[in-house]
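Everything below belongs to target20.cif, which stores mmCIF, C-alpha atoms.
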data_run
loop_
_atom_site.group_PDB
_atom_site.id
_atom_site.type_symbol
_atom_site.label_atom_id
_atom_site.label_comp_id
_atom_site.auth_asym_id
_atom_site.auth_seq_id
_atom_site.Cartn_x
_atom_site.Cartn_y
_atom_site.Cartn_z
ATOM 1 C CA MET A 1 -95.417 -45.025 48.483
ATOM 2 C CA LYS A 2 -94.071 -47.214 51.292
ATOM 3 C CA LEU A 3 -94.041 -50.985 50.891
ATOM 4 C CA ILE A 4 -94.530 -53.113 54.003
ATOM 5 C CA VAL A 5 -94.099 -56.892 53.684
ATOM 6 C CA ILE A 6 -95.448 -58.935 56.603
ATOM 7 C CA ALA A 7 -94.532 -62.614 56.950
ATOM 8 C CA GLY A 8 -94.774 -65.278 59.628
ATOM 9 C CA PRO A 9 -96.172 -68.758 60.178
ATOM 10 C CA PRO A 10 -99.948 -69.380 60.075
ATOM 11 C CA SER A 11 -101.902 -68.230 63.141
ATOM 12 C CA ALA A 12 -99.018 -66.155 64.486
ATOM 13 C CA GLY A 13 -101.190 -63.019 64.573
ATOM 14 C CA LYS A 14 -100.149 -61.338 61.299
ATOM 15 C CA THR A 15 -103.606 -59.934 60.546
ATOM 16 C CA ALA A 16 -104.011 -58.683 64.116
ATOM 17 C CA VAL A 17 -100.774 -56.751 63.640
ATOM 18 C CA VAL A 18 -102.057 -55.391 60.313
ATOM 19 C CA ARG A 19 -105.228 -54.205 62.056
ATOM 20 C CA GLN A 20 -103.191 -52.271 64.605
ATOM 21 C CA ILE A 21 -101.079 -50.693 61.865
ATOM 22 C CA VAL A 22 -104.152 -49.580 59.915
ATOM 23 C CA ARG A 23 -105.916 -48.376 63.052
ATOM 24 C CA ASN A 24 -102.931 -46.210 64.049
ATOM 25 C CA LEU A 25 -101.977 -44.829 60.639
ATOM 26 C CA ARG A 26 -105.173 -44.455 58.599
ATOM 27 C CA ALA A 27 -105.729 -40.886 59.852
ATOM 28 C CA THR A 28 -102.433 -39.731 58.355
ATOM 29 C CA ALA A 29 -101.823 -42.160 55.469
ATOM 30 C CA ALA A 30 -103.885 -43.860 52.771
ATOM 31 C CA ILE A 31 -103.343 -47.625 53.098
ATOM 32 C CA ALA A 32 -103.874 -50.464 50.631
ATOM 33 C CA TYR A 33 -103.705 -54.137 51.595
ATOM 34 C CA LEU A 34 -102.929 -57.326 49.673
ATOM 35 C CA LYS A 35 -103.258 -60.833 51.124
ATOM 36 C CA ILE A 36 -101.440 -63.710 49.431
ATOM 37 C CA ASP A 37 -102.809 -67.141 50.360
ATOM 38 C CA VAL A 38 -103.198 -70.625 48.951
ATOM 39 C CA VAL A 39 -106.811 -71.836 49.146
ATOM 40 C CA ARG A 40 -109.070 -69.403 51.045
ATOM 41 C CA ALA A 41 -108.602 -65.995 52.622
ATOM 42 C CA PHE A 42 -111.021 -63.566 54.247
ATOM 43 C CA GLU A 43 -108.656 -60.957 55.679
ATOM 44 C CA ASP A 44 -109.062 -58.565 52.758
ATOM 45 C CA GLU A 45 -112.851 -58.603 53.065
ATOM 46 C CA GLU A 46 -112.684 -58.034 56.829
ATOM 47 C CA LEU A 47 -110.210 -55.146 56.606
ATOM 48 C CA LYS A 48 -112.130 -53.512 53.758
ATOM 49 C CA GLU A 49 -115.365 -53.690 55.737
ATOM 50 C CA GLU A 50 -113.813 -52.591 59.044
ATOM 51 C CA PHE A 51 -111.636 -49.719 57.809
ATOM 52 C CA GLY A 52 -112.891 -48.918 54.301
ATOM 53 C CA ILE A 53 -109.443 -49.335 52.756
ATOM 54 C CA PRO A 54 -108.774 -50.814 49.290
ATOM 55 C CA ALA A 55 -107.978 -54.475 49.868
ATOM 56 C CA ARG A 56 -107.683 -57.552 47.711
ATOM 57 C CA LYS A 57 -106.269 -61.088 47.715
ATOM 58 C CA VAL A 58 -104.582 -63.475 45.348
ATOM 59 C CA TYR A 59 -104.528 -67.276 45.588
ATOM 60 C CA SER A 60 -101.313 -69.060 44.695
ATOM 61 C CA GLY A 61 -102.989 -72.422 44.063
ATOM 62 C CA ASP A 62 -100.355 -74.927 42.949
ATOM 63 C CA LEU A 63 -97.589 -72.328 43.172
ATOM 64 C CA CYS A 64 -95.620 -71.592 46.368
ATOM 65 C CA PRO A 65 -97.349 -68.513 47.885
ATOM 66 C CA ASP A 66 -94.084 -66.621 48.262
ATOM 67 C CA HIS A 67 -93.138 -67.419 44.674
ATOM 68 C CA ALA A 68 -96.612 -66.173 43.697
ATOM 69 C CA GLY A 69 -95.981 -62.997 45.667
ATOM 70 C CA ILE A 70 -92.856 -62.317 43.623
ATOM 71 C CA MET A 71 -94.832 -62.872 40.422
ATOM 72 C CA VAL A 72 -97.645 -60.436 41.257
ATOM 73 C CA MET A 73 -95.695 -57.731 43.121
ATOM 74 C CA ARG A 74 -95.276 -55.320 40.192
ATOM 75 C CA ASP A 75 -99.008 -55.541 39.511
ATOM 76 C CA ALA A 76 -99.724 -55.023 43.227
ATOM 77 C CA ILE A 77 -97.589 -51.893 43.414
ATOM 78 C CA ALA A 78 -99.299 -50.476 40.317
ATOM 79 C CA TRP A 79 -102.737 -51.301 41.782
ATOM 80 C CA ALA A 80 -101.958 -49.624 45.125
ATOM 81 C CA ALA A 81 -100.549 -46.551 43.386
ATOM 82 C CA GLY A 82 -103.728 -46.375 41.306
ATOM 83 C CA GLU A 83 -105.729 -46.384 44.532
ATOM 84 C CA GLY A 84 -103.710 -43.401 45.777
ATOM 85 C CA ALA A 85 -102.099 -45.361 48.596
ATOM 86 C CA ASP A 86 -99.266 -43.958 50.690
ATOM 87 C CA ILE A 87 -98.583 -47.408 52.164
ATOM 88 C CA LEU A 88 -99.034 -50.848 50.603
ATOM 89 C CA ILE A 89 -99.167 -53.683 53.133
ATOM 90 C CA VAL A 90 -98.572 -57.159 51.705
ATOM 91 C CA GLU A 91 -99.321 -60.110 54.009
ATOM 92 C CA SER A 92 -97.868 -63.452 52.966
ATOM 93 C CA ALA A 93 -99.330 -66.892 53.634
ATOM 94 C CA GLY A 94 -96.273 -67.875 55.658
ATOM 95 C CA LEU A 95 -96.513 -71.595 54.995
ATOM 96 C CA CYS A 96 -92.881 -72.292 54.118
ATOM 97 C CA LEU A 97 -90.389 -71.306 56.803
ATOM 98 C CA ARG A 98 -87.621 -71.531 54.211
ATOM 99 C CA CYS A 99 -89.156 -68.793 52.080
ATOM 100 C CA SER A 100 -88.510 -65.113 52.624
ATOM 101 C CA PRO A 101 -90.898 -62.726 50.831
ATOM 102 C CA TYR A 102 -89.068 -59.521 51.851
ATOM 103 C CA LEU A 103 -88.014 -57.121 49.124
ATOM 104 C CA THR A 104 -85.481 -54.377 48.728
ATOM 105 C CA GLN A 105 -86.990 -50.886 49.151
ATOM 106 C CA SER A 106 -89.487 -52.322 51.643
ATOM 107 C CA LEU A 107 -89.828 -52.761 55.388
ATOM 108 C CA GLY A 108 -89.812 -56.469 56.224
ATOM 109 C CA ILE A 109 -91.763 -57.517 59.320
ATOM 110 C CA VAL A 110 -91.884 -61.060 60.671
ATOM 111 C CA VAL A 111 -94.660 -61.922 63.134
ATOM 112 C CA ILE A 112 -93.977 -64.761 65.576
ATOM 113 C CA SER A 113 -96.174 -66.095 68.367
ATOM 114 C CA ALA A 114 -94.525 -66.333 71.789
ATOM 115 C CA VAL A 115 -96.468 -69.550 72.455
ATOM 116 C CA SER A 116 -94.948 -71.357 69.456
ATOM 117 C CA GLY A 117 -92.087 -72.698 71.582
ATOM 118 C CA THR A 118 -88.656 -71.377 72.524
ATOM 119 C CA HIS A 119 -86.958 -73.191 69.637
ATOM 120 C CA ALA A 120 -89.358 -71.857 66.976
ATOM 121 C CA PRO A 121 -87.166 -68.917 65.872
ATOM 122 C CA LEU A 122 -84.268 -71.287 65.178
ATOM 123 C CA LYS A 123 -86.447 -73.233 62.733
ATOM 124 C CA MET A 124 -87.508 -70.222 60.691
ATOM 125 C CA GLY A 125 -84.220 -69.282 59.022
ATOM 126 C CA PRO A 126 -84.529 -66.566 56.333
ATOM 127 C CA MET A 127 -88.034 -65.578 57.424
ATOM 128 C CA ILE A 128 -86.393 -64.021 60.499
ATOM 129 C CA ALA A 129 -82.824 -63.466 59.292
ATOM 130 C CA LEU A 130 -83.822 -61.205 56.379
ATOM 131 C CA ALA A 131 -86.517 -59.202 58.199
ATOM 132 C CA ASP A 132 -86.042 -55.702 59.602
ATOM 133 C CA VAL A 133 -88.415 -56.077 62.562
ATOM 134 C CA ALA A 134 -89.638 -59.092 64.534
ATOM 135 C CA VAL A 135 -93.034 -58.650 66.185
ATOM 136 C CA VAL A 136 -93.579 -61.159 68.989
ATOM 137 C CA THR A 137 -97.288 -61.651 69.707
ATOM 138 C CA ARG A 138 -99.217 -63.243 72.599
ATOM 139 C CA ILE A 139 -96.644 -62.154 75.161
ATOM 140 C CA ASP A 140 -99.418 -62.089 77.771
ATOM 141 C CA LEU A 141 -99.592 -65.904 77.597
ATOM 142 C CA VAL A 142 -95.966 -66.660 78.559
ATOM 143 C CA SER A 143 -93.765 -65.942 81.564
ATOM 144 C CA GLN A 144 -91.064 -63.290 81.690
ATOM 145 C CA ALA A 145 -88.392 -65.986 81.575
ATOM 146 C CA GLU A 146 -89.944 -67.519 78.446
ATOM 147 C CA LYS A 147 -90.085 -64.083 76.806
ATOM 148 C CA GLU A 148 -86.400 -63.510 77.473
ATOM 149 C CA VAL A 149 -85.405 -66.914 76.094
ATOM 150 C CA PHE A 150 -87.594 -66.366 73.018
ATOM 151 C CA ARG A 151 -85.964 -62.989 72.449
ATOM 152 C CA GLU A 152 -82.476 -64.498 72.656
ATOM 153 C CA ARG A 153 -83.436 -67.184 70.129
ATOM 154 C CA ILE A 154 -84.518 -64.490 67.674
ATOM 155 C CA LEU A 155 -81.227 -62.656 68.146
ATOM 156 C CA GLU A 156 -79.332 -65.891 67.511
ATOM 157 C CA VAL A 157 -80.870 -65.996 64.053
ATOM 158 C CA ALA A 158 -80.720 -62.244 63.348
ATOM 159 C CA PRO A 159 -78.387 -60.377 65.737
ATOM 160 C CA GLY A 160 -79.268 -56.916 64.446
ATOM 161 C CA ILE A 161 -83.047 -57.262 64.163
ATOM 162 C CA GLU A 162 -85.414 -54.914 65.994
ATOM 163 C CA ILE A 163 -87.846 -56.728 68.304
ATOM 164 C CA VAL A 164 -91.324 -55.512 69.265
ATOM 165 C CA GLU A 165 -93.275 -57.459 71.899
ATOM 166 C CA THR A 166 -97.033 -57.050 71.854
ATOM 167 C CA ASN A 167 -100.468 -58.338 72.653
ATOM 168 C CA ALA A 168 -101.637 -57.517 69.136
ATOM 169 C CA LEU A 169 -105.340 -57.713 70.005
ATOM 170 C CA GLN A 170 -104.961 -54.905 72.542
ATOM 171 C CA GLY A 171 -102.137 -53.115 70.755
ATOM 172 C CA THR A 172 -99.712 -52.946 73.678
ATOM 173 C CA GLY A 173 -96.195 -52.120 72.524
ATOM 174 C CA MET A 174 -97.315 -51.317 68.987
ATOM 175 C CA ARG A 175 -96.161 -47.693 69.201
ATOM 176 C CA TYR A 176 -92.600 -48.888 68.540
ATOM 177 C CA LEU A 177 -93.673 -50.613 65.319
ATOM 178 C CA ILE A 178 -95.765 -47.625 64.206
ATOM 179 C CA ARG A 179 -92.780 -45.333 64.731
ATOM 180 C CA ARG A 180 -90.586 -47.692 62.675
ATOM 181 C CA ILE A 181 -93.108 -47.649 59.819
ATOM 182 C CA GLU A 182 -93.312 -43.847 59.925
ATOM 183 C CA GLU A 183 -89.510 -43.705 59.648
ATOM 184 C CA ALA A 184 -89.323 -46.233 56.793
ATOM 185 C CA GLY A 185 -88.273 -45.073 53.346
ATOM 186 C CA GLU A 186 -90.486 -45.045 50.263
ATOM 187 C CA ILE A 187 -90.064 -46.994 47.045
ATOM 188 C CA GLU A 188 -87.401 -45.177 45.039
ATOM 189 C CA ASP A 189 -87.548 -47.141 41.788
ATOM 190 C CA GLU A 190 -89.971 -50.028 41.392
ATOM 191 C CA ASN A 191 -87.974 -51.314 38.416
ATOM 192 C CA THR A 192 -85.015 -52.138 40.680
ATOM 193 C CA ILE A 193 -86.913 -53.894 43.495
ATOM 194 C CA GLU A 194 -85.582 -57.394 44.140
ATOM 195 C CA VAL A 195 -86.128 -60.254 46.575
ATOM 196 C CA ARG A 196 -83.683 -59.995 49.471
ATOM 197 C CA GLY A 197 -82.893 -63.692 49.673
ATOM 198 C CA VAL A 198 -82.747 -66.651 47.313
ATOM 199 C CA PRO A 199 -86.097 -68.517 47.223
ATOM 200 C CA PRO A 200 -86.013 -72.337 47.507
ATOM 201 C CA LEU A 201 -86.007 -74.409 44.349
ATOM 202 C CA GLY A 202 -89.268 -75.401 42.728
ATOM 203 C CA VAL A 203 -87.821 -77.640 40.047
ATOM 204 C CA CYS A 204 -88.538 -81.348 40.495
ATOM 205 C CA THR A 205 -90.998 -83.883 39.117
ATOM 206 C CA ILE A 206 -93.079 -83.678 42.306
ATOM 207 C CA CYS A 207 -93.748 -80.031 41.419
ATOM 208 C CA VAL A 208 -95.444 -81.108 38.212
ATOM 209 C CA GLY A 209 -97.639 -83.796 39.748
ATOM 210 C CA LYS A 210 -95.594 -87.034 39.877
ATOM 211 C CA LYS A 211 -96.806 -88.955 42.952
ATOM 212 C CA GLU A 212 -94.486 -91.964 43.336
ATOM 213 C CA ILE A 213 -92.286 -92.019 46.448
ATOM 214 C CA GLY A 214 -88.512 -92.435 46.497
ATOM 215 C CA TRP A 215 -85.818 -90.426 44.750
ATOM 216 C CA GLN A 216 -85.230 -93.346 42.378
ATOM 217 C CA ARG A 217 -88.604 -92.595 40.717
ATOM 218 C CA HIS A 218 -87.923 -88.894 40.225
ATOM 219 C CA PHE A 219 -85.745 -86.641 38.093
ATOM 220 C CA GLY A 220 -84.189 -83.212 38.348
ATOM 221 C CA VAL A 221 -83.031 -82.000 41.768
ATOM 222 C CA VAL A 222 -83.580 -84.878 44.212
ATOM 223 C CA ARG A 223 -82.525 -85.770 47.745
ATOM 224 C CA LYS A 224 -81.460 -89.038 49.374
ATOM 225 C CA LEU A 225 -81.705 -90.029 53.015
ATOM 226 C CA ASP A 226 -77.963 -90.777 53.131
ATOM 227 C CA GLY A 227 -75.072 -89.572 51.034
ATOM 228 C CA ALA A 228 -75.044 -86.390 49.002
ATOM 229 C CA ASP A 229 -77.411 -83.710 50.246
ATOM 230 C CA TRP A 230 -78.496 -82.738 46.762
ATOM 231 C CA ILE A 231 -77.959 -84.526 43.474
ATOM 232 C CA PHE A 232 -79.226 -84.031 39.942
ATOM 233 C CA ARG A 233 -80.716 -87.087 38.293
ATOM 234 C CA GLY A 234 -81.827 -87.285 34.666
ATOM 235 C CA ASP A 235 -81.639 -84.929 31.714
#

Represent the structure of the file as structure tokens.
Amino acid sequence: MKLIVIAGPPSAGKTAVVRQIVRNLRATAAIAYLKIDVVRAFEDEELKEEFGIPARKVYSGDLCPDHAGIMVMRDAIAWAAGEGADILIVESAGLCLRCSPYLTQSLGIVVISAVSGTHAPLKMGPMIALADVAVVTRIDLVSQAEKEVFRERILEVAPGIEIVETNALQGTGMRYLIRRIEEAGEIEDENTIEVRGVPPLGVCTICVGKKEIGWQRHFGVVRKLDGADWIFRGD
């Protein structure tokens, strides 16, 4: 089974890209889909109704959605295999630009909207740097000059990344992404799959519900406005 991990900020067009993938590959491959979100998600219901594929979602709730994705991934792979899937597509919530949900033995795809601003790729860090393919959506809404600048910004973050430009609703340019998925390798050993990058810390008193402001009122890993970037305060 192939594992495809799709990330990107909210409203970048991730689900539109998923639709094009399913539409182009469902005749030759059985596809399963998992959506990871925080509060509400409808993508799984829509894709199941539209294409008849096995689809489900998981809510992260108080947990970072990408941390939740790491927690449930073994279960997700087992579920998709039980459904007879040739390809498992996992779509992240994409709320934290510091997170990177890509895994070894998977194809990592980041979806970015061309109308998000020319500096947007520089703000996304590991979400772009650790991906295999960057899919730039809504290219019909920007000028050629803006597209070229946007492309160069992506390459500043990830010099070797493959870039696909598309109007995901119409599917223009998607043949390059479909070809890349067809060429992708399968999971070799699910017991050795790991996260490609190091997720951000989730260890402070804010994480467990403490509401007071100011580092002086908190313990664990804290941050000041001036001085040391990171310090540890307390036992």

Within 10 Å of region 200-219 of chain A, which residues of region 75-112 of chain A come that close, and what is the closest atom pair and distance in Å for each? Count only C-alpha atoms and give it as CSV.
residue,atom,partner,partner_atom,distance
A:Cys96,CA,A:Pro200,CA,9.5
A:Arg98,CA,A:Pro200,CA,6.9
A:Cys99,CA,A:Pro200,CA,6.6
A:Ser100,CA,A:Pro200,CA,9.2

Proximity of region 66-114 of chain A to region 24-35 of chain A: per-residue shortest pair, 12 Å limit, all atoms listed in the file, as CSV:
residue,atom,partner,partner_atom,distance
A:Asp66,CA,A:Lys35,CA,11.2
A:Ala68,CA,A:Lys35,CA,11.3
A:Gly69,CA,A:Lys35,CA,9.3
A:Val72,CA,A:Leu34,CA,10.4
A:Met73,CA,A:Leu34,CA,9.8
A:Asp75,CA,A:Leu34,CA,11.0
A:Ala76,CA,A:Leu34,CA,7.6
A:Ile77,CA,A:Ala32,CA,9.7
A:Ala78,CA,A:Ala32,CA,11.3
A:Trp79,CA,A:Ala32,CA,9.0
A:Ala80,CA,A:Ala32,CA,5.9
A:Ala81,CA,A:Ala32,CA,8.9
A:Gly82,CA,A:Ala32,CA,10.2
A:Glu83,CA,A:Ala32,CA,7.6
A:Gly84,CA,A:Ala30,CA,7.0
A:Ala85,CA,A:Ala30,CA,4.8
A:Asp86,CA,A:Ala30,CA,5.1
A:Ile87,CA,A:Ile31,CA,4.9
A:Leu88,CA,A:Ala32,CA,4.9
A:Ile89,CA,A:Tyr33,CA,4.8
A:Val90,CA,A:Leu34,CA,4.8
A:Glu91,CA,A:Lys35,CA,4.9
A:Ser92,CA,A:Lys35,CA,6.3
A:Ala93,CA,A:Lys35,CA,7.6
A:Gly94,CA,A:Lys35,CA,10.9

Restricting it to C-alpha atoms, dump the selection as a compact mmCIF listing (two decimals), in the frame of the given file.
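Written file, again27.txt:
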# COMPACT_ATOMS: atom_id res chain seq x y z
CA ASP A 66 -94.08 -66.62 48.26
CA ALA A 68 -96.61 -66.17 43.70
CA GLY A 69 -95.98 -63.00 45.67
CA VAL A 72 -97.64 -60.44 41.26
CA MET A 73 -95.70 -57.73 43.12
CA ASP A 75 -99.01 -55.54 39.51
CA ALA A 76 -99.72 -55.02 43.23
CA ILE A 77 -97.59 -51.89 43.41
CA ALA A 78 -99.30 -50.48 40.32
CA TRP A 79 -102.74 -51.30 41.78
CA ALA A 80 -101.96 -49.62 45.12
CA ALA A 81 -100.55 -46.55 43.39
CA GLY A 82 -103.73 -46.38 41.31
CA GLU A 83 -105.73 -46.38 44.53
CA GLY A 84 -103.71 -43.40 45.78
CA ALA A 85 -102.10 -45.36 48.60
CA ASP A 86 -99.27 -43.96 50.69
CA ILE A 87 -98.58 -47.41 52.16
CA LEU A 88 -99.03 -50.85 50.60
CA ILE A 89 -99.17 -53.68 53.13
CA VAL A 90 -98.57 -57.16 51.70
CA GLU A 91 -99.32 -60.11 54.01
CA SER A 92 -97.87 -63.45 52.97
CA ALA A 93 -99.33 -66.89 53.63
CA GLY A 94 -96.27 -67.88 55.66

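Taken over the shown file, the PyMOL selection byres ((chain A and resi 41-43) around 9) identifies Thr15, Lys35, Ile36, Asp37, Val38, Val39, Arg40, Asp44, Glu45, Glu46, Leu47, Lys48, Ala55, Arg56, Lys57, Val58 and Tyr59 of chain A.
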
task: Determine the nearest neighbour of Glu183 (chain A) from the options A:Ile70, A:Leu141, A:Leu107, A:Ile53, counting only C-alpha atoms.
output: A:Leu107

- request: For the structure shown, which residues end up in the PyMOL selection byres ((chain A and resi 112) around 7)? Put them as a ChimeraX atom specification, please?
  value: /A:8,12,110-111,113-114,135-137

Interatomic distance (Å, one decimal) between CA of Val221 (chain A) and CA of Val157 (chain A): 27.5 Å

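Matched in the shown structure by the PyMOL selection byres ((chain A and resi 155) around 12): A:Pro121, A:Leu122, A:Gly125, A:Ile128, A:Ala129, A:Ala131, A:Val133, A:Ala134, A:Glu148, A:Val149, A:Phe150, A:Arg151, A:Glu152, A:Arg153, A:Ile154, A:Glu156, A:Val157, A:Ala158, A:Pro159, A:Gly160, A:Ile161, A:Glu162, A:Ile163.
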
Output of the above residues as a CSV table (one decimal), keeping the file's coordinate frame, restricted to C-alpha atoms:
chain,number,residue,atom,x,y,z
A,121,PRO,CA,-87.2,-68.9,65.9
A,122,LEU,CA,-84.3,-71.3,65.2
A,125,GLY,CA,-84.2,-69.3,59.0
A,128,ILE,CA,-86.4,-64.0,60.5
A,129,ALA,CA,-82.8,-63.5,59.3
A,131,ALA,CA,-86.5,-59.2,58.2
A,133,VAL,CA,-88.4,-56.1,62.6
A,134,ALA,CA,-89.6,-59.1,64.5
A,148,GLU,CA,-86.4,-63.5,77.5
A,149,VAL,CA,-85.4,-66.9,76.1
A,150,PHE,CA,-87.6,-66.4,73.0
A,151,ARG,CA,-86.0,-63.0,72.4
A,152,GLU,CA,-82.5,-64.5,72.7
A,153,ARG,CA,-83.4,-67.2,70.1
A,154,ILE,CA,-84.5,-64.5,67.7
A,156,GLU,CA,-79.3,-65.9,67.5
A,157,VAL,CA,-80.9,-66.0,64.1
A,158,ALA,CA,-80.7,-62.2,63.3
A,159,PRO,CA,-78.4,-60.4,65.7
A,160,GLY,CA,-79.3,-56.9,64.4
A,161,ILE,CA,-83.0,-57.3,64.2
A,162,GLU,CA,-85.4,-54.9,66.0
A,163,ILE,CA,-87.8,-56.7,68.3

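Note that CA of Asp62 (chain A) and CA of Arg19 (chain A) are 28.6 Å apart.
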
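The spacing separating CA of Met127 (chain A) from CA of Lys147 (chain A) amounts to 19.5 Å.
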
File output for region 192-218 of chain A (N, CA and C atoms) as a JSON list (two decimals), in the first residue's frame:
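Below is the file result-v4.json, written as the result:
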[["chain", "number", "residue", "atom", "x", "y", "z"],
["A", 192, "THR", "N", 8.78, 0.39, 10.95],
["A", 192, "THR", "CA", 9.94, 1.29, 10.92],
["A", 192, "THR", "C", 9.58, 2.68, 10.40],
["A", 193, "ILE", "N", 8.30, 2.96, 10.19],
["A", 193, "ILE", "CA", 7.89, 4.30, 9.75],
["A", 193, "ILE", "C", 8.13, 5.30, 10.88],
["A", 194, "GLU", "N", 8.70, 6.45, 10.52],
["A", 194, "GLU", "CA", 8.96, 7.50, 11.49],
["A", 194, "GLU", "C", 8.56, 8.86, 10.91],
["A", 195, "VAL", "N", 8.40, 9.84, 11.80],
["A", 195, "VAL", "CA", 8.18, 11.22, 11.36],
["A", 195, "VAL", "C", 9.47, 11.76, 10.78],
["A", 196, "ARG", "N", 9.39, 12.49, 9.70],
["A", 196, "ARG", "CA", 10.60, 12.99, 9.04],
["A", 196, "ARG", "C", 11.31, 14.07, 9.84],
["A", 197, "GLY", "N", 10.54, 14.94, 10.46],
["A", 197, "GLY", "CA", 11.12, 16.03, 11.22],
["A", 197, "GLY", "C", 10.87, 15.87, 12.70],
["A", 198, "VAL", "N", 11.31, 16.86, 13.48],
["A", 198, "VAL", "CA", 11.08, 16.86, 14.92],
["A", 198, "VAL", "C", 9.88, 17.76, 15.22],
["A", 199, "PRO", "N", 8.78, 17.22, 15.74],
["A", 199, "PRO", "CA", 7.60, 18.04, 16.03],
["A", 199, "PRO", "C", 7.91, 19.07, 17.12],
["A", 200, "PRO", "N", 7.18, 20.19, 17.16],
["A", 200, "PRO", "CA", 7.40, 21.19, 18.20],
["A", 200, "PRO", "C", 7.00, 20.66, 19.57],
["A", 201, "LEU", "N", 7.57, 21.27, 20.59],
["A", 201, "LEU", "CA", 7.29, 20.82, 21.96],
["A", 201, "LEU", "C", 5.84, 21.06, 22.34],
["A", 202, "GLY", "N", 5.32, 20.19, 23.16],
["A", 202, "GLY", "CA", 3.99, 20.37, 23.72],
["A", 202, "GLY", "C", 4.04, 20.17, 25.22],
["A", 203, "VAL", "N", 5.05, 20.77, 25.85],
["A", 203, "VAL", "CA", 5.29, 20.52, 27.27],
["A", 203, "VAL", "C", 5.40, 21.84, 28.03],
["A", 204, "CYS", "N", 4.31, 22.44, 28.37],
["A", 204, "CYS", "CA", 4.30, 23.64, 29.21],
["A", 204, "CYS", "C", 2.98, 23.67, 29.97],
["A", 205, "THR", "N", 2.89, 24.56, 30.96],
["A", 205, "THR", "CA", 1.68, 24.59, 31.78],
["A", 205, "THR", "C", 0.48, 25.14, 31.02],
["A", 206, "ILE", "N", 0.71, 25.85, 29.93],
["A", 206, "ILE", "CA", -0.41, 26.29, 29.09],
["A", 206, "ILE", "C", -1.08, 25.08, 28.45],
["A", 207, "CYS", "N", -0.28, 24.08, 28.10],
["A", 207, "CYS", "CA", -0.81, 22.86, 27.47],
["A", 207, "CYS", "C", -1.79, 22.13, 28.37],
["A", 208, "VAL", "N", -1.66, 22.30, 29.67],
["A", 208, "VAL", "CA", -2.54, 21.58, 30.58],
["A", 208, "VAL", "C", -3.58, 22.50, 31.21],
["A", 209, "GLY", "N", -3.79, 23.68, 30.60],
["A", 209, "GLY", "CA", -4.94, 24.49, 30.98],
["A", 209, "GLY", "C", -4.68, 25.71, 31.84],
["A", 210, "LYS", "N", -3.43, 26.04, 32.17],
["A", 210, "LYS", "CA", -3.14, 27.22, 32.99],
["A", 210, "LYS", "C", -3.33, 28.46, 32.13],
["A", 211, "LYS", "N", -4.10, 29.44, 32.58],
["A", 211, "LYS", "CA", -4.52, 30.56, 31.75],
["A", 211, "LYS", "C", -3.78, 31.87, 32.00],
["A", 212, "GLU", "N", -3.08, 32.01, 33.10],
["A", 212, "GLU", "CA", -2.43, 33.29, 33.42],
["A", 212, "GLU", "C", -1.41, 33.66, 32.34],
["A", 213, "ILE", "N", -1.23, 34.97, 32.11],
["A", 213, "ILE", "CA", -0.27, 35.42, 31.11],
["A", 213, "ILE", "C", 1.07, 35.71, 31.78],
["A", 214, "GLY", "N", 2.13, 35.69, 30.97],
["A", 214, "GLY", "CA", 3.46, 36.01, 31.47],
["A", 214, "GLY", "C", 4.24, 34.78, 31.85],
["A", 215, "TRP", "N", 5.50, 34.71, 31.41],
["A", 215, "TRP", "CA", 6.31, 33.52, 31.68],
["A", 215, "TRP", "C", 6.56, 33.33, 33.17],
["A", 216, "GLN", "N", 6.47, 34.43, 33.92],
["A", 216, "GLN", "CA", 6.71, 34.34, 35.38],
["A", 216, "GLN", "C", 5.69, 33.46, 36.07],
["A", 217, "ARG", "N", 4.50, 33.27, 35.45],
["A", 217, "ARG", "CA", 3.42, 32.51, 36.07],
["A", 217, "ARG", "C", 3.39, 31.06, 35.59],
["A", 218, "HIS", "N", 4.39, 30.70, 34.77],
["A", 218, "HIS", "CA", 4.37, 29.37, 34.17],
["A", 218, "HIS", "C", 5.65, 28.60, 34.46]]
